[in-house]
>>> print(open('target.pdb').read())   # PDB, C-alpha atoms
ATOM      1  CA  MET D   1      17.889  22.356   1.602
ATOM      2  CA  PRO D   2      19.072  22.334   5.195
ATOM      3  CA  ARG D   3      18.292  18.648   5.459
ATOM      4  CA  PHE D   4      21.183  17.958   3.151
ATOM      5  CA  SER D   5      23.642  20.214   4.948
ATOM      6  CA  GLU D   6      26.755  18.752   6.511
ATOM      7  CA  GLY D   7      25.905  16.843   9.693
ATOM      8  CA  ALA D   8      22.251  16.387   8.819
ATOM      9  CA  LEU D   9      23.328  14.433   5.757
ATOM     10  CA  ASP D  10      25.051  11.625   7.685
ATOM     11  CA  THR D  11      22.017  11.077   9.927
ATOM     12  CA  ASN D  12      19.612  11.057   7.023
ATOM     13  CA  LEU D  13      21.685   8.682   4.939
ATOM     14  CA  ALA D  14      21.587   6.329   7.919
ATOM     15  CA  VAL D  15      17.781   6.389   7.632
ATOM     16  CA  VAL D  16      18.116   5.343   3.999
ATOM     17  CA  GLU D  17      20.107   2.330   5.181
ATOM     18  CA  VAL D  18      17.331   1.367   7.615
ATOM     19  CA  VAL D  19      14.734   1.620   4.852
ATOM     20  CA  LYS D  20      16.946  -0.517   2.626
ATOM     21  CA  SER D  21      17.327  -3.152   5.335
ATOM     22  CA  VAL D  22      13.545  -3.436   5.757
ATOM     23  CA  ALA D  23      13.192  -3.606   1.976
ATOM     24  CA  GLU D  24      15.641  -6.507   1.887
ATOM     25  CA  LEU D  25      13.595  -8.418   4.472
ATOM     26  CA  GLN D  26      10.478  -7.763   2.397
ATOM     27  CA  GLY D  27      12.006  -8.615  -0.930
ATOM     28  CA  SER D  28      10.901  -5.205  -2.153
ATOM     29  CA  THR D  29      12.634  -1.969  -3.035
ATOM     30  CA  ALA D  30      13.390   0.944  -0.712
ATOM     31  CA  ALA D  31      10.958   3.163  -2.628
ATOM     32  CA  GLN D  32       8.189   0.615  -2.136
ATOM     33  CA  VAL D  33       8.852   0.428   1.602
ATOM     34  CA  ALA D  34       8.842   4.226   1.890
ATOM     35  CA  LEU D  35       5.472   4.423   0.093
ATOM     36  CA  ALA D  36       4.053   1.551   2.168
ATOM     37  CA  TRP D  37       5.179   3.336   5.356
ATOM     38  CA  LEU D  38       3.160   6.389   4.313
ATOM     39  CA  ARG D  39       0.066   4.240   3.776
ATOM     40  CA  TYR D  40       0.345   2.768   7.269
ATOM     41  CA  ARG D  41       1.105   6.144   8.854
ATOM     42  CA  ALA D  42      -1.902   7.811   7.191
ATOM     43  CA  ASP D  43      -4.147   4.947   8.309
ATOM     44  CA  ALA D  44      -2.887   5.330  11.869
ATOM     45  CA  LEU D  45      -3.637   9.071  11.830
ATOM     46  CA  GLY D  46      -7.110   8.609  10.344
ATOM     47  CA  VAL D  47      -6.661  10.028   6.849
ATOM     48  CA  ALA D  48      -6.692   8.352   3.482
ATOM     49  CA  SER D  49      -3.560   8.976   1.472
ATOM     50  CA  VAL D  50      -2.668   9.043  -2.180
ATOM     51  CA  PRO D  51       1.027   9.308  -2.985
ATOM     52  CA  ILE D  52       1.869  11.042  -6.248
ATOM     53  CA  PRO D  53       5.433  10.014  -6.996
ATOM     54  CA  GLY D  54       6.900  11.414 -10.155
ATOM     55  CA  THR D  55       9.398   9.802 -12.455
ATOM     56  CA  ARG D  56      10.501  10.072 -16.038
ATOM     57  CA  ARG D  57      10.915   6.307 -16.308
ATOM     58  CA  ALA D  58       8.058   3.923 -16.980
ATOM     59  CA  ASN D  59       9.481   1.044 -14.939
ATOM     60  CA  ARG D  60       9.444   3.254 -11.835
ATOM     61  CA  VAL D  61       5.675   3.574 -12.226
ATOM     62  CA  GLU D  62       5.356  -0.194 -11.952
ATOM     63  CA  GLU D  63       7.718  -0.219  -8.986
ATOM     64  CA  ASN D  64       5.610   2.406  -7.193
ATOM     65  CA  LEU D  65       2.444   0.399  -7.822
ATOM     66  CA  GLY D  66       4.161  -2.568  -6.196
ATOM     67  CA  SER D  67       4.152  -0.667  -2.896
ATOM     68  CA  LEU D  68       0.409  -1.292  -2.601
ATOM     69  CA  THR D  69       1.025  -4.959  -1.877
ATOM     70  CA  VAL D  70       3.909  -4.417   0.558
ATOM     71  CA  ASN D  71       2.691  -5.319   4.044
ATOM     72  CA  LEU D  72       4.862  -4.133   6.906
ATOM     73  CA  THR D  73       4.993  -5.944  10.252
ATOM     74  CA  PRO D  74       4.595  -3.988  13.508
ATOM     75  CA  ALA D  75       8.290  -4.590  14.198
ATOM     76  CA  GLN D  76       9.261  -3.216  10.806
ATOM     77  CA  LEU D  77       7.044  -0.165  11.341
ATOM     78  CA  ASP D  78       8.741   0.414  14.711
ATOM     79  CA  THR D  79      12.129   0.189  13.075
ATOM     80  CA  LEU D  80      11.130   2.693  10.408
ATOM     81  CA  ASP D  81       9.468   5.073  12.881
ATOM     82  CA  THR D  82      12.535   5.063  15.102
ATOM     83  CA  ALA D  83      14.739   5.831  12.132
ATOM     84  CA  ALA D  84      12.360   8.546  10.919
ATOM     85  CA  ALA D  85      12.465  10.241  14.319
ATOM     86  CA  SER D  86      16.199  10.826  13.825
ATOM     87  CA  VAL D  87      15.772  12.808  10.609
ATOM     88  CA  SER D  88      17.176  16.275  11.117
ATOM     89  CA  GLY D  89      17.065  19.493   9.181
ATOM     90  CA  HIS D  90      14.114  21.274   7.630
ATOM     91  CA  ARG D  91      12.903  20.539   4.129
ATOM     92  CA  PHE D  92      13.126  24.126   2.932
ATOM     93  CA  ALA D  93      15.607  26.878   3.686
ATOM     94  CA  ASP D  94      12.741  29.388   3.588
ATOM     95  CA  LEU D  95      10.191  27.817   5.903
ATOM     96  CA  SER D  96       7.483  30.410   5.208
ATOM     97  CA  TRP D  97       7.112  28.608   1.868
ATOM     98  CA  VAL D  98       5.598  25.522   3.491
ATOM     99  CA  SER D  99       3.039  24.930   6.186
ATOM    100  CA  ALA D 100       5.580  24.256   8.940
ATOM    101  CA  GLY D 101       6.886  27.816   8.670
ATOM    102  CA  ARG D 102       3.510  29.387   9.472
ATOM    103  CA  GLU D 103       2.432  27.256  12.413
TER     104      GLU D 103
ATOM    105  CA  MET Q   1     -14.419   7.318 -12.852
ATOM    106  CA  THR Q   2     -13.775   3.706 -13.766
ATOM    107  CA  SER Q   3     -11.107   1.959 -15.700
ATOM    108  CA  ALA Q   4     -10.204  -1.634 -16.317
ATOM    109  CA  ASN Q   5      -7.254  -1.892 -13.991
ATOM    110  CA  SER Q   6      -6.171  -3.287 -10.672
ATOM    111  CA  VAL Q   7      -5.224  -0.043  -8.916
ATOM    112  CA  PRO Q   8      -7.656   0.379  -6.012
ATOM    113  CA  ALA Q   9      -9.528   3.663  -5.882
ATOM    114  CA  VAL Q  10      -9.384   6.104  -2.991
ATOM    115  CA  LYS Q  11     -12.239   8.475  -2.354
ATOM    116  CA  LEU Q  12     -11.372  12.124  -1.787
ATOM    117  CA  GLY Q  13     -14.283  13.757  -0.060
ATOM    118  CA  ASP Q  14     -17.665  12.349  -0.946
ATOM    119  CA  GLU Q  15     -17.601  12.526  -4.715
ATOM    120  CA  LEU Q  16     -14.084  12.399  -6.131
ATOM    121  CA  SER Q  17     -12.634   8.939  -6.652
ATOM    122  CA  VAL Q  18      -8.970   8.720  -7.688
ATOM    123  CA  SER Q  19      -6.451   5.967  -8.308
ATOM    124  CA  GLY Q  20      -4.727   4.945  -5.074
ATOM    125  CA  ILE Q  21      -1.404   6.012  -6.505
ATOM    126  CA  GLY Q  22      -1.196   9.103  -8.630
ATOM    127  CA  PHE Q  23       1.467  10.492 -10.897
ATOM    128  CA  GLY Q  24       3.348  13.691 -10.135
ATOM    129  CA  ALA Q  25       4.126  15.053 -13.576
ATOM    130  CA  MET Q  26       6.562  17.732 -12.420
ATOM    131  CA  ALA Q  27       9.618  15.649 -13.308
ATOM    132  CA  LEU Q  28       8.561  15.397 -16.947
ATOM    133  CA  THR Q  29       9.403  19.004 -17.684
ATOM    134  CA  PRO Q  30      12.474  20.047 -15.728
ATOM    135  CA  VAL Q  31      13.248  23.673 -15.197
ATOM    136  CA  TYR Q  32      16.574  23.234 -16.905
ATOM    137  CA  GLY Q  33      17.602  21.036 -19.789
ATOM    138  CA  GLU Q  34      15.958  19.556 -22.810
ATOM    139  CA  VAL Q  35      12.575  17.936 -22.520
ATOM    140  CA  ASP Q  36      11.964  14.751 -24.423
ATOM    141  CA  ASP Q  37       8.250  15.111 -25.056
ATOM    142  CA  THR Q  38       8.006  11.788 -26.839
ATOM    143  CA  GLU Q  39       9.417   9.837 -23.909
ATOM    144  CA  SER Q  40       7.432  11.891 -21.376
ATOM    145  CA  LEU Q  41       4.185  11.385 -23.250
ATOM    146  CA  ALA Q  42       4.881   7.657 -23.472
ATOM    147  CA  THR Q  43       5.351   7.559 -19.694
ATOM    148  CA  LEU Q  44       2.024   9.333 -19.195
ATOM    149  CA  HIS Q  45       0.229   6.880 -21.476
ATOM    150  CA  PHE Q  46       1.886   3.982 -19.653
ATOM    151  CA  CYS Q  47       0.585   5.339 -16.334
ATOM    152  CA  VAL Q  48      -2.985   5.487 -17.590
ATOM    153  CA  ASP Q  49      -2.633   2.032 -19.174
ATOM    154  CA  LEU Q  50      -1.661   0.668 -15.749
ATOM    155  CA  GLY Q  51      -4.509   2.459 -14.002
ATOM    156  CA  VAL Q  52      -2.486   5.310 -12.514
ATOM    157  CA  THR Q  53      -5.023   7.817 -13.745
ATOM    158  CA  PHE Q  54      -4.705  10.576 -11.119
ATOM    159  CA  ILE Q  55      -2.354  12.989 -12.886
ATOM    160  CA  ASP Q  56      -0.941  15.927 -10.935
ATOM    161  CA  THR Q  57       0.473  19.022 -12.611
ATOM    162  CA  ALA Q  58       0.686  22.774 -11.947
ATOM    163  CA  ASN Q  59       0.676  25.929 -14.008
ATOM    164  CA  VAL Q  60       4.196  26.707 -12.822
ATOM    165  CA  TYR Q  61       5.781  23.369 -13.807
ATOM    166  CA  GLY Q  62       8.067  23.967 -16.741
ATOM    167  CA  GLY Q  63       6.644  27.477 -16.983
ATOM    168  CA  GLY Q  64       3.441  26.076 -18.538
ATOM    169  CA  ALA Q  65       5.171  23.382 -20.607
ATOM    170  CA  ASN Q  66       3.997  20.631 -18.241
ATOM    171  CA  GLU Q  67       0.323  21.423 -18.743
ATOM    172  CA  LYS Q  68       0.889  21.612 -22.506
ATOM    173  CA  LEU Q  69       2.518  18.184 -22.446
ATOM    174  CA  ILE Q  70      -0.418  16.742 -20.516
ATOM    175  CA  SER Q  71      -2.841  18.235 -23.042
ATOM    176  CA  LYS Q  72      -1.393  15.727 -25.531
ATOM    177  CA  LEU Q  73      -2.366  12.866 -23.215
ATOM    178  CA  LEU Q  74      -5.829  14.336 -22.732
ATOM    179  CA  THR Q  75      -6.505  14.652 -26.465
ATOM    180  CA  ASP Q  76      -7.974  11.158 -26.691
ATOM    181  CA  ARG Q  77      -7.981  10.044 -23.034
ATOM    182  CA  ARG Q  78      -9.607  12.906 -21.120
ATOM    183  CA  ASP Q  79     -12.351  10.644 -19.747
ATOM    184  CA  GLU Q  80      -9.834   8.199 -18.278
ATOM    185  CA  VAL Q  81      -7.859  10.834 -16.379
ATOM    186  CA  THR Q  82      -8.516  12.544 -13.062
ATOM    187  CA  LEU Q  83      -6.774  15.828 -13.733
ATOM    188  CA  ALA Q  84      -5.281  17.958 -10.966
ATOM    189  CA  THR Q  85      -3.502  21.253 -11.496
ATOM    190  CA  LYS Q  86      -2.581  24.241  -9.350
ATOM    191  CA  PHE Q  87      -2.221  28.010  -9.248
ATOM    192  CA  GLY Q  88      -0.500  30.211  -6.728
ATOM    193  CA  ILE Q  89       3.210  30.330  -7.459
ATOM    194  CA  ALA Q  90       4.001  33.376  -9.538
ATOM    195  CA  GLY Q  91       7.324  33.988 -11.192
ATOM    196  CA  ASN Q  92       9.870  32.076 -13.187
ATOM    197  CA  PRO Q  93      10.894  28.705 -11.705
ATOM    198  CA  ALA Q  94      14.369  29.165 -13.153
ATOM    199  CA  ASP Q  95      14.823  32.145 -10.840
ATOM    200  CA  ARG Q  96      13.841  30.270  -7.739
ATOM    201  CA  ALA Q  97      17.359  30.267  -6.321
ATOM    202  CA  ALA Q  98      17.299  34.044  -6.546
ATOM    203  CA  GLY Q  99      14.055  34.110  -4.575
ATOM    204  CA  GLU Q 100      11.987  35.246  -7.512
ATOM    205  CA  LEU Q 101       9.038  32.938  -6.856
ATOM    206  CA  THR Q 102       6.203  34.426  -4.859
ATOM    207  CA  ALA Q 103       2.885  33.075  -3.692
ATOM    208  CA  ARG Q 104      -0.155  34.831  -5.133
ATOM    209  CA  GLY Q 105      -3.787  34.269  -4.222
ATOM    210  CA  ASP Q 106      -5.869  37.364  -4.950
ATOM    211  CA  ALA Q 107      -9.228  36.681  -6.591
ATOM    212  CA  ALA Q 108      -8.352  38.266  -9.938
ATOM    213  CA  TYR Q 109      -5.229  36.140 -10.156
ATOM    214  CA  VAL Q 110      -7.155  32.934  -9.404
ATOM    215  CA  ARG Q 111      -9.651  33.724 -12.167
ATOM    216  CA  ALA Q 112      -6.892  34.480 -14.688
ATOM    217  CA  CYS Q 113      -4.907  31.351 -13.814
ATOM    218  CA  ILE Q 114      -7.707  28.856 -14.392
ATOM    219  CA  ASP Q 115      -8.417  30.226 -17.842
ATOM    220  CA  GLU Q 116      -4.738  30.019 -18.772
ATOM    221  CA  SER Q 117      -4.490  26.459 -17.438
ATOM    222  CA  LEU Q 118      -7.616  25.309 -19.282
ATOM    223  CA  GLN Q 119      -6.192  26.827 -22.459
ATOM    224  CA  ARG Q 120      -2.838  25.040 -22.052
ATOM    225  CA  LEU Q 121      -4.510  21.765 -21.061
ATOM    226  CA  GLN Q 122      -7.007  22.056 -23.925
ATOM    227  CA  THR Q 123      -9.859  20.903 -21.753
ATOM    228  CA  ASP Q 124     -13.074  22.407 -20.395
ATOM    229  CA  VAL Q 125     -12.719  21.398 -16.789
ATOM    230  CA  VAL Q 126     -10.124  20.492 -14.158
ATOM    231  CA  ASP Q 127     -11.132  17.714 -11.761
ATOM    232  CA  LEU Q 128      -9.135  18.996  -8.778
ATOM    233  CA  TYR Q 129      -7.825  22.558  -8.550
ATOM    234  CA  TYR Q 130      -5.253  23.330  -5.895
ATOM    235  CA  MET Q 131      -3.998  26.477  -4.300
ATOM    236  CA  HIS Q 132      -0.283  25.685  -4.654
ATOM    237  CA  ARG Q 133       1.084  28.028  -1.989
ATOM    238  CA  ARG Q 134      -0.581  30.365   0.495
ATOM    239  CA  ASP Q 135      -0.303  34.084  -0.254
ATOM    240  CA  VAL Q 136      -0.222  35.503   3.273
ATOM    241  CA  SER Q 137      -1.026  38.999   2.001
ATOM    242  CA  VAL Q 138      -4.532  37.831   1.020
ATOM    243  CA  PRO Q 139      -7.136  36.401   3.426
ATOM    244  CA  ILE Q 140      -7.503  32.705   2.630
ATOM    245  CA  GLU Q 141     -11.262  33.273   2.515
ATOM    246  CA  GLU Q 142     -10.738  35.485  -0.557
ATOM    247  CA  THR Q 143      -8.604  32.892  -2.333
ATOM    248  CA  VAL Q 144     -10.911  29.967  -1.560
ATOM    249  CA  GLY Q 145     -13.948  32.135  -2.319
ATOM    250  CA  ALA Q 146     -12.565  32.790  -5.793
ATOM    251  CA  MET Q 147     -11.881  29.070  -6.195
ATOM    252  CA  ALA Q 148     -15.459  28.290  -5.152
ATOM    253  CA  GLU Q 149     -16.702  30.574  -7.933
ATOM    254  CA  LEU Q 150     -14.785  28.417 -10.401
ATOM    255  CA  VAL Q 151     -16.716  25.363  -9.182
ATOM    256  CA  ALA Q 152     -19.972  27.252  -9.662
ATOM    257  CA  ALA Q 153     -18.834  28.272 -13.163
ATOM    258  CA  GLY Q 154     -18.113  24.642 -14.055
ATOM    259  CA  LYS Q 155     -14.407  25.243 -14.701
ATOM    260  CA  VAL Q 156     -13.247  23.002 -11.856
ATOM    261  CA  ARG Q 157     -14.974  20.133 -10.075
ATOM    262  CA  HIS Q 158     -13.218  19.957  -6.695
ATOM    263  CA  LEU Q 159     -10.894  22.124  -4.621
ATOM    264  CA  GLY Q 160      -7.608  21.280  -2.936
ATOM    265  CA  LEU Q 161      -4.962  23.066  -0.909
ATOM    266  CA  SER Q 162      -1.211  22.531  -0.951
ATOM    267  CA  GLU Q 163       1.134  23.242   1.953
ATOM    268  CA  VAL Q 164      -1.494  24.859   4.169
ATOM    269  CA  THR Q 165      -1.433  24.977   7.934
ATOM    270  CA  ALA Q 166      -4.108  23.387  10.115
ATOM    271  CA  ASP Q 167      -5.659  26.805  10.796
ATOM    272  CA  GLU Q 168      -5.649  27.714   7.108
ATOM    273  CA  LEU Q 169      -7.385  24.422   6.302
ATOM    274  CA  ARG Q 170     -10.094  25.044   8.895
ATOM    275  CA  ALA Q 171     -10.692  28.575   7.573
ATOM    276  CA  ALA Q 172     -10.897  27.275   4.013
ATOM    277  CA  VAL Q 173     -13.328  24.478   4.861
ATOM    278  CA  ALA Q 174     -15.667  27.106   6.313
ATOM    279  CA  VAL Q 175     -15.845  28.686   2.838
ATOM    280  CA  HIS Q 176     -16.092  25.629   0.597
ATOM    281  CA  LEU Q 177     -15.677  21.880   0.661
ATOM    282  CA  ILE Q 178     -12.002  20.985   0.328
ATOM    283  CA  ALA Q 179     -11.441  17.559  -1.224
ATOM    284  CA  ALA Q 180      -7.698  17.182  -0.697
ATOM    285  CA  VAL Q 181      -4.674  18.561   1.087
ATOM    286  CA  GLN Q 182      -1.344  18.070  -0.605
ATOM    287  CA  SER Q 183       1.957  18.240   1.191
ATOM    288  CA  GLU Q 184       5.348  16.665   1.346
ATOM    289  CA  TRP Q 185       4.988  13.727   3.720
ATOM    290  CA  SER Q 186       7.420  10.871   4.008
ATOM    291  CA  ILE Q 187       9.764   9.096   6.383
ATOM    292  CA  TRP Q 188      12.052  12.075   5.814
ATOM    293  CA  SER Q 189       9.401  14.804   6.193
ATOM    294  CA  ARG Q 190       7.017  14.262   9.055
ATOM    295  CA  ASP Q 191       6.316  17.807  10.241
ATOM    296  CA  VAL Q 192       2.762  17.668   8.800
ATOM    297  CA  GLU Q 193       1.919  14.938  11.327
ATOM    298  CA  ARG Q 194       1.945  17.509  14.132
ATOM    299  CA  ASN Q 195      -0.910  19.762  13.015
ATOM    300  CA  VAL Q 196      -1.898  19.469   9.373
ATOM    301  CA  VAL Q 197      -2.748  15.770   9.221
ATOM    302  CA  PRO Q 198      -4.800  15.822  12.460
ATOM    303  CA  ALA Q 199      -6.723  18.825  11.083
ATOM    304  CA  ALA Q 200      -7.312  16.937   7.839
ATOM    305  CA  ALA Q 201      -8.608  13.953   9.818
ATOM    306  CA  GLU Q 202     -10.880  16.164  11.903
ATOM    307  CA  THR Q 203     -12.349  17.966   8.889
ATOM    308  CA  ARG Q 204     -12.535  14.700   6.933
ATOM    309  CA  ARG Q 205     -10.249  15.974   4.219
ATOM    310  CA  TRP Q 206      -7.811  13.629   2.623
ATOM    311  CA  ALA Q 207      -4.115  13.757   2.233
ATOM    312  CA  VAL Q 208      -2.218  13.651  -1.006
ATOM    313  CA  ALA Q 209       1.479  13.294  -0.398
ATOM    314  CA  PHE Q 210       4.333  14.102  -2.688
TER     315      PHE Q 210
END
>>> encode(input="target.pdb", output="structure tokens")
Amino acid sequence: MPRFSEGALDTNLAVVEVVKSVAELQGSTAAQVALAWLRYRADALGVASVPIPGTRRANRVEENLGSLTVNLTPAQLDTLDTAAASVSGHRFADLSWVSAGRE
Amino acid sequence: MTSANSVPAVKLGDELSVSGIGFGAMALTPVYGEVDDTESLATLHFCVDLGVTFIDTANVYGGGANEKLISKLLTDRRDEVTLATKFGIAGNPADRAAGELTARGDAAYVRACIDESLQRLQTDVVDLYYMHRRDVSVPIEETVGAMAELVAAGKVRHLGLSEVTADELRAAVAVHLIAAVQSEWSIWSRDVERNVVPAAAETRRWAVAF
């Protein structure tokens, strides 16, 4: 995936660090913060959302459920949104495969 | 659908209620490598025990093995599960790097796929049936029209679309009620916020993110 190509990778790993830093403040995990961010973002855009994370490990299921009780402050959401805006690279090499390639 | 758990429900459309977090089963049957069915089945049971009852699979996952695995969960827990599966990616997932996967959405293909999925899942009905990828060689009205016939036939209860554009969603909604739109959406993938999510909000469809 282009997002993981050289150059894009450094930027996107920096986003991971931002997510981790918010998670530390929250006493939660990075995965929980990422799922909580989606919940807030969907609310803001007027759609309900249901994440469907997959894992082979049972304890990850519990971790994902924990995201439902993670409440993000406006400042934390700003921090995450700013970091998210810096993500570079598309998610598929062949963009016709996903919606973004046909818009 | 009710269960004794603490996971809040989210309503998709007017009739379909699902657990607020679902389970993407794709990882349970990787394209390569050995599959530990015992461990995977235990994980699925654990999900349902916790109230994560919205289980998401596809005919293409594991080349059919994923649906067969889930059939083992459904054997004695069908009523507890909200079952979602998909059609529309034809080819062998192992050949994906070689570009062997193609989207397919002609009516005959849709009709054949649901019967194969029901057979693998060993159930009479799918709660939410998704078009996995858009086949641009077929009008979306044909694909969704064929899906609507499956609702009428009682083989599926609700329809969903995966990785569609805003325009494709609007065209589909004109044919039949669409309960859910599924797409990759995360801090790292926000392109759907430009067009797809606003269209989902405007047509009162709901987003399922993976």
>>> closest_residue(input="target.pdb", among="Q:Ser19, Q:Ser6, Q:Thr143, Q:Thr53", to="Phe87 of chain Q", atoms="all atoms listed in the file")
Q:Thr143
>>> closest_residue(input="target.pdb", among="Q:Val208, Q:Ile187, Q:Ala166, Q:Val197", to="Val16 of chain D", atoms="only C-alpha atoms")
Q:Ile187
>>> atom_distance(input="target.pdb", atom1="atom CA of Asp56 of chain Q", atom2="atom CA of Phe23 of chain Q")
5.9 Å
>>> residues_around(input="target.pdb", residues="segment 49-66 of chain D", least_positions_apart="2", cutoff="8 Å", atoms="all atoms listed in the file", output="PDB file with C-alpha atoms, in the frame of the given file")
ATOM      1  CA  THR D  29      12.634  -1.969  -3.035  1.00  0.00           C
ATOM      2  CA  ALA D  31      10.958   3.163  -2.628  1.00  0.00           C
ATOM      3  CA  GLN D  32       8.189   0.615  -2.136  1.00  0.00           C
ATOM      4  CA  LEU D  35       5.472   4.423   0.093  1.00  0.00           C
ATOM      5  CA  LEU D  38       3.160   6.389   4.313  1.00  0.00           C
ATOM      6  CA  ARG D  39       0.066   4.240   3.776  1.00  0.00           C
ATOM      7  CA  ALA D  42      -1.902   7.811   7.191  1.00  0.00           C
ATOM      8  CA  ASP D  43      -4.147   4.947   8.309  1.00  0.00           C
ATOM      9  CA  VAL D  47      -6.661  10.028   6.849  1.00  0.00           C
ATOM     10  CA  LEU D  68       0.409  -1.292  -2.601  1.00  0.00           C
ATOM     11  CA  THR D  69       1.025  -4.959  -1.877  1.00  0.00           C
ATOM     12  CA  VAL D  70       3.909  -4.417   0.558  1.00  0.00           C
TER      13      VAL D  70
ATOM     14  CA  VAL Q   7      -5.224  -0.043  -8.916  1.00  0.00           C
ATOM     15  CA  VAL Q  10      -9.384   6.104  -2.991  1.00  0.00           C
ATOM     16  CA  SER Q  19      -6.451   5.967  -8.308  1.00  0.00           C
ATOM     17  CA  GLY Q  20      -4.727   4.945  -5.074  1.00  0.00           C
ATOM     18  CA  ILE Q  21      -1.404   6.012  -6.505  1.00  0.00           C
ATOM     19  CA  GLY Q  22      -1.196   9.103  -8.630  1.00  0.00           C
ATOM     20  CA  PHE Q  23       1.467  10.492 -10.897  1.00  0.00           C
ATOM     21  CA  GLY Q  24       3.348  13.691 -10.135  1.00  0.00           C
ATOM     22  CA  ALA Q  25       4.126  15.053 -13.576  1.00  0.00           C
ATOM     23  CA  MET Q  26       6.562  17.732 -12.420  1.00  0.00           C
ATOM     24  CA  ALA Q  27       9.618  15.649 -13.308  1.00  0.00           C
ATOM     25  CA  LEU Q  28       8.561  15.397 -16.947  1.00  0.00           C
ATOM     26  CA  GLU Q  39       9.417   9.837 -23.909  1.00  0.00           C
ATOM     27  CA  SER Q  40       7.432  11.891 -21.376  1.00  0.00           C
ATOM     28  CA  THR Q  43       5.351   7.559 -19.694  1.00  0.00           C
ATOM     29  CA  PHE Q  46       1.886   3.982 -19.653  1.00  0.00           C
ATOM     30  CA  CYS Q  47       0.585   5.339 -16.334  1.00  0.00           C
ATOM     31  CA  ASP Q  56      -0.941  15.927 -10.935  1.00  0.00           C
ATOM     32  CA  TRP Q 206      -7.811  13.629   2.623  1.00  0.00           C
ATOM     33  CA  ALA Q 207      -4.115  13.757   2.233  1.00  0.00           C
ATOM     34  CA  VAL Q 208      -2.218  13.651  -1.006  1.00  0.00           C
ATOM     35  CA  ALA Q 209       1.479  13.294  -0.398  1.00  0.00           C
ATOM     36  CA  PHE Q 210       4.333  14.102  -2.688  1.00  0.00           C
TER      37      PHE Q 210
END
>>> atom_distance(input="target.pdb", atom1="atom CA of Val22 of chain D", atom2="atom CA of Trp185 of chain Q")
19.3 Å
>>> resolve_selection(input="target.pdb", expression="the PyMOL selection byres ((chain Q and resi 113-129) around 7)", output="list in words")
Asn59, Glu67, Lys68, Ile70, Ser71, Thr82, Leu83, Ala84, Thr85, Lys86, Phe87, Tyr109, Val110, Arg111, Ala112, Tyr130, Met131, Gly154, Lys155, Val156, Arg157, His158, Leu159 and Gly160 of chain Q
>>> residues_near_point(input="target.pdb", point="(-13.9, 33.8, -8.0)", cutoff="8 Å", atoms="only C-alpha atoms", output="JSON, numbers by chain")
{"Q": [107, 108, 110, 111, 143, 145, 146, 147, 148, 149, 150]}
>>> atom_distance(input="target.pdb", atom1="atom CA of Glu103 of chain D", atom2="atom CA of Thr79 of chain D")
28.8 Å
>>> residues_around(input="target.pdb", residues="Asp78 of chain D", least_positions_apart="5", cutoff="12 Å", atoms="all atoms listed in the file", output="number ranges by chain")
D: 18-19, 22, 37, 40-41, 72-73, 83-85
>>> write_last_selection(input="target.pdb", atoms="C-alpha atoms", output="short mmCIF file (atom, residue, chain, number, x, y, z; two decimals), in the coordinates of the input")
data_model
loop_
_atom_site.label_atom_id
_atom_site.label_comp_id
_atom_site.auth_asym_id
_atom_site.auth_seq_id
_atom_site.Cartn_x
_atom_site.Cartn_y
_atom_site.Cartn_z
CA VAL D 18 17.33 1.37 7.62
CA VAL D 19 14.73 1.62 4.85
CA VAL D 22 13.54 -3.44 5.76
CA TRP D 37 5.18 3.34 5.36
CA TYR D 40 0.34 2.77 7.27
CA ARG D 41 1.10 6.14 8.85
CA LEU D 72 4.86 -4.13 6.91
CA THR D 73 4.99 -5.94 10.25
CA ALA D 83 14.74 5.83 12.13
CA ALA D 84 12.36 8.55 10.92
CA ALA D 85 12.46 10.24 14.32
#
>>> residues_near_point(input="target.pdb", point="(6.3, 29.0, -11.9)", cutoff="8 Å", atoms="all atoms listed in the file", output="number ranges by chain")
Q: 59-64, 89-93, 101
>>> closest_residue(input="target.pdb", among="Q:Glu168, Q:Glu184, Q:Glu163, Q:Asp106", to="chain D", atoms="only C-alpha atoms")
Q:Glu163
>>> residues_around(input="target.pdb", residues="Arg194 of chain Q", least_positions_apart="5", cutoff="12 Å", atoms="only C-alpha atoms", output="list in words")
Leu45, Ser99, Ala100 and Glu103 of chain D; Thr165, Ala166, Trp185, Ser189, Ala199, Ala200 and Ala201 of chain Q
>>> axis_aligned_box(input="target.pdb", around="segment 71-75 of chain D", padding_each_side="4 Å", output="JSON")
{"center_x": 5.5, "center_y": -5.0, "center_z": 9.1, "size_x": 13.6, "size_y": 10.0, "size_z": 18.2}
>>> closest_residue(input="target.pdb", among="D:Pro74, D:Glu17, D:Gly46, D:Gly101", to="chain Q", atoms="all atoms listed in the file")
D:Gly46
>>> closest_residue(input="target.pdb", among="Q:Ala153, Q:Leu74, Q:Val196, Q:Val144", to="chain D", atoms="all atoms listed in the file")
Q:Val196
>>> closest_residue(input="target.pdb", among="D:Ser67, D:Gln76, D:Gln26, D:Ser21", to="chain Q", atoms="all atoms listed in the file")
D:Ser67
>>> resolve_selection(input="target.pdb", expression="the PyMOL selection byres ((chain Q and resi 14) around 10)", output="VMD selection string")
chain Q and resid 11 to 13 15 to 17 177 179 204 to 205
